[in-house]
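Data block below; observations after.
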Amino acid sequence: MADVVGGFGFRTGSAAGIGVGPYAELTFDSEGDVDRATQGAVARMEATDVLVFAHGWNSDRSTAVRLYDRFFAPFPALVGPGVRLGYVGVVWPSMRFSDEPIPDFEAAGALAEPGHGCALDPLTRQALEGFWPGRRAELDRLAELLAEQPESAAAFIEFGALVRELAGVDAVHAVAAPAIPAIFTDDVLEVCRVLSRALARAGAGAASGSGAVPAGGEGPGLTAGAGLGGLWGGAKELLRQATYYKMKKRAGVVGERGLGPVLAELAAGRPAMRFHLIGHSFGARVVSFSLRAVPDGARYVRSVTLLQGAFSHYAFADRLPHDKGRGGALRGLHRKVDGPVVACHSPHDSALKVFYPLASRMAGDSAGLLGFDERWGAIGHDGVQAVPGAPRLSLDAALREGVPAAGCVSVDAGSVVRRGGAPSGAHSDICHEELARVVVAAGRMGR
């Protein structure tokens, strides 16, 4: 098996620290191979409806379990008497940056100590060594440069070369040069300037609680600075984006080659069982790409709820507005769901408002780092786009009137998904009963 989830065992029931049950975990490696013991635990569940939740990329097992515990807690009181719920946490190899706070469910002492600034805190450094095993020397030098922050162009060039090596870009270059994201090939000083401005913008939005940047300012505490020394925040973000680049591909693989086939096998063995897929951030990508493995005519996936999904808002479109000859990566797959695909989005999510389109532009599909157009938007920022007839609802309307019985629907959850610090804003502020009620409505499980 390929990369496994560091320290991610598999557990069932209350032993996993989950307050609801029956609960089990589906554990996957980086190539989508499932731990068969975890699959067996799900197959043995006595349930009519199974909630399958996939965490995002900025997670480890500890934070994922806390997320599942908090999010699943309201469900027993929300579903009808004929519904027997089972709960599944999807666990896949991801990367936790410990200096990024997650609202409400950080355990005491779990956050990195304040004051690290651009430096790598010990928990993040440990996670990076697990993420890139055998690369301690490169990580030592990156950590040294981030701690010292030299005002030297040569230092930035060295930093960029090390990040490029960790990301495996040279190996990609030998096969398919156009696949290399511009973030790894453009001038490293310019890349760090762009990322520093993005950090400033995200900091301003998080500080104001609006996701917007005040006129004439870059926001408190995250300015780009006058000299080269002020660009090391952007350099640290370059390192973070290198993990993002790898996680984006991995999330699709785990969904298409792992979760999708596993759900098909489970459904074949338990044909009366109904599955309701939930994904946060790149976990939304995991559950959405799992739809590629649903056989034509199958009815076992009864709903999909995407919470701050970190993939294109055009993913389900049959035709792209800017390229009528092509569709989205998941075009038409919402039709494989025997129910709705609900995309919850929020304007207070700085990760998707600022960094997702920036990373998408840097993926090499278009014209460089600067400028913006709608082709780069995330589904968790402004919902489903370019799918005719897909309604757009406020959260209040969705809870009051329900959601459509099929097709794509966008729900503006900004009234509750609104808290969080820089650089990601409200991206992880998803543990709300209102969002659990959206899942219940989408799955037609309510009282």
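Chain lettering (A, B, ...) mirrors the order of the structure tokens, residue numbering begins at 1 for each chain separately, and ligand numbering begins at 1 in order of display.
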task = Taking the chain letters and numbering used in this document, name the residues of segment 194-326 of chain A that DSSP puts in strand (DSSP E or B), as a ChimeraX atom specification.
result = /A:274-280,301-307,312,320,323
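Proximity to segment 275-284 of chain A at 7 Å, evaluated using only C-alpha atoms and with sequence-adjacent residues fewer than 4 positions away removed, yields Asp49, Val50, Leu51, Val52, Phe53, Ala54, His55, Gly56, Trp57, Lys248, Ala251, Ser288, Tyr300, Val301, Arg302, Ser303, Val304, Thr305, Leu306, Leu307, Gln308, Gly309, Ala310 and Gly443 of chain A.
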I need the chosen residues saved as a short mmCIF file (atom, residue, chain, number, x, y, z; two decimals), in the first residue's frame, with N, CA and C atoms.
data_model
loop_
_atom_site.label_atom_id
_atom_site.label_comp_id
_atom_site.auth_asym_id
_atom_site.auth_seq_id
_atom_site.Cartn_x
_atom_site.Cartn_y
_atom_site.Cartn_z
N ASP A 49 -30.16 4.04 7.02
CA ASP A 49 -29.51 5.17 6.35
C ASP A 49 -28.14 5.39 6.99
N VAL A 50 -27.12 5.54 6.15
CA VAL A 50 -25.75 5.69 6.64
C VAL A 50 -25.21 7.04 6.18
N LEU A 51 -24.78 7.83 7.14
CA LEU A 51 -24.12 9.10 6.85
C LEU A 51 -22.63 8.84 6.67
N VAL A 52 -22.09 9.20 5.51
CA VAL A 52 -20.69 8.96 5.18
C VAL A 52 -20.01 10.32 5.02
N PHE A 53 -19.14 10.69 5.97
CA PHE A 53 -18.56 12.03 6.03
C PHE A 53 -17.06 11.93 5.76
N ALA A 54 -16.56 12.71 4.80
CA ALA A 54 -15.13 12.77 4.48
C ALA A 54 -14.56 14.12 4.89
N HIS A 55 -13.51 14.10 5.70
CA HIS A 55 -12.86 15.32 6.17
C HIS A 55 -12.05 15.98 5.05
N GLY A 56 -11.59 17.19 5.32
CA GLY A 56 -10.82 17.94 4.34
C GLY A 56 -9.33 17.68 4.43
N TRP A 57 -8.56 18.49 3.69
CA TRP A 57 -7.13 18.23 3.55
C TRP A 57 -6.34 18.71 4.76
N LYS A 248 -4.96 17.80 -3.62
CA LYS A 248 -6.04 17.92 -4.61
C LYS A 248 -6.12 16.65 -5.45
N ALA A 251 -7.27 13.56 -3.23
CA ALA A 251 -8.69 13.53 -2.88
C ALA A 251 -9.51 12.91 -4.01
N SER A 288 -17.62 13.56 -4.03
CA SER A 288 -18.14 13.85 -5.37
C SER A 288 -17.49 12.96 -6.41
N TYR A 300 -28.52 3.74 -4.62
CA TYR A 300 -28.11 3.65 -3.22
C TYR A 300 -27.57 4.96 -2.66
N VAL A 301 -27.06 5.88 -3.50
CA VAL A 301 -26.64 7.19 -3.00
C VAL A 301 -27.87 8.09 -3.02
N ARG A 302 -28.38 8.41 -1.83
CA ARG A 302 -29.65 9.11 -1.74
C ARG A 302 -29.50 10.62 -1.57
N SER A 303 -28.33 11.08 -1.22
CA SER A 303 -28.09 12.53 -1.14
C SER A 303 -26.60 12.78 -1.04
N VAL A 304 -26.20 13.97 -1.46
CA VAL A 304 -24.82 14.44 -1.31
C VAL A 304 -24.88 15.86 -0.79
N THR A 305 -24.17 16.13 0.32
CA THR A 305 -24.10 17.48 0.88
C THR A 305 -22.65 17.90 0.93
N LEU A 306 -22.34 18.99 0.25
CA LEU A 306 -20.97 19.50 0.14
C LEU A 306 -20.85 20.73 1.03
N LEU A 307 -19.95 20.67 1.98
CA LEU A 307 -19.74 21.76 2.94
C LEU A 307 -18.44 22.46 2.61
N GLN A 308 -18.55 23.69 2.11
CA GLN A 308 -17.37 24.48 1.73
C GLN A 308 -16.46 23.68 0.80
N GLY A 309 -17.05 23.15 -0.25
CA GLY A 309 -16.34 22.28 -1.17
C GLY A 309 -15.20 22.99 -1.89
N ALA A 310 -14.02 22.36 -1.88
CA ALA A 310 -12.82 22.93 -2.50
C ALA A 310 -12.60 22.31 -3.86
N GLY A 443 -31.68 14.24 2.50
CA GLY A 443 -31.86 12.79 2.51
C GLY A 443 -33.28 12.34 2.78
#
Give me, as JSON lines, each residue of segment 229-256 of chain A that comes within 9 Å of segment 150-166 of chain A, together with its shortest interatomic pair and the distance in Å at one decimal, counting only C-alpha atoms, with rows ordered by chain and rising residue number.
{"residue": "A:Gly229", "atom": "CA", "partner": "A:Glu151", "partner_atom": "CA", "distance": 4.8}
{"residue": "A:Gly230", "atom": "CA", "partner": "A:Glu151", "partner_atom": "CA", "distance": 8.4}
{"residue": "A:Leu231", "atom": "CA", "partner": "A:Glu151", "partner_atom": "CA", "distance": 8.9}
{"residue": "A:Trp232", "atom": "CA", "partner": "A:Phe156", "partner_atom": "CA", "distance": 8.4}
{"residue": "A:Ala235", "atom": "CA", "partner": "A:Phe159", "partner_atom": "CA", "distance": 7.7}
{"residue": "A:Leu238", "atom": "CA", "partner": "A:Val163", "partner_atom": "CA", "distance": 7.7}
{"residue": "A:Leu239", "atom": "CA", "partner": "A:Val163", "partner_atom": "CA", "distance": 6.2}
{"residue": "A:Ala242", "atom": "CA", "partner": "A:Val163", "partner_atom": "CA", "distance": 6.9}
N, CA and C atoms of the current selection, written as a JSON list (two decimals), in the first residue's frame:
[["chain", "number", "residue", "atom", "x", "y", "z"],
["A", 229, "GLY", "N", 12.28, 40.82, 3.10],
["A", 229, "GLY", "CA", 11.95, 40.15, 4.35],
["A", 229, "GLY", "C", 10.46, 40.04, 4.59],
["A", 230, "GLY", "N", 9.69, 40.95, 3.99],
["A", 230, "GLY", "CA", 8.25, 40.92, 4.16],
["A", 230, "GLY", "C", 7.55, 39.87, 3.31],
["A", 231, "LEU", "N", 8.31, 39.13, 2.50],
["A", 231, "LEU", "CA", 7.71, 38.14, 1.60],
["A", 231, "LEU", "C", 7.79, 36.72, 2.15],
["A", 232, "TRP", "N", 8.35, 36.54, 3.37],
["A", 232, "TRP", "CA", 8.50, 35.17, 3.86],
["A", 232, "TRP", "C", 7.17, 34.55, 4.27],
["A", 235, "ALA", "N", 6.30, 32.93, 1.24],
["A", 235, "ALA", "CA", 7.11, 31.73, 1.04],
["A", 235, "ALA", "C", 6.53, 30.56, 1.83],
["A", 238, "LEU", "N", 3.70, 29.28, 0.01],
["A", 238, "LEU", "CA", 4.15, 28.45, -1.12],
["A", 238, "LEU", "C", 4.33, 27.00, -0.67],
["A", 239, "LEU", "N", 4.92, 26.81, 0.50],
["A", 239, "LEU", "CA", 5.08, 25.46, 1.04],
["A", 239, "LEU", "C", 3.72, 24.81, 1.29],
["A", 242, "ALA", "N", 2.22, 23.66, -1.88],
["A", 242, "ALA", "CA", 2.80, 22.43, -2.40],
["A", 242, "ALA", "C", 2.06, 21.22, -1.84]]
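Considering the residues A:Arg299, A:Arg250, A:Arg418, A:Arg141 and counting only C-alpha atoms, Ala272 of chain A has its shortest atom-to-atom contact with A:Arg299.
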inquiry  = If DSSP is run on the backbone, what residues of segment 207-333 of chain A are helix (DSSP H, G or I)? A reply as a PyMOL selection string would be ideal.
reply    = chain A and resi 207-208+228-269+282-293+333
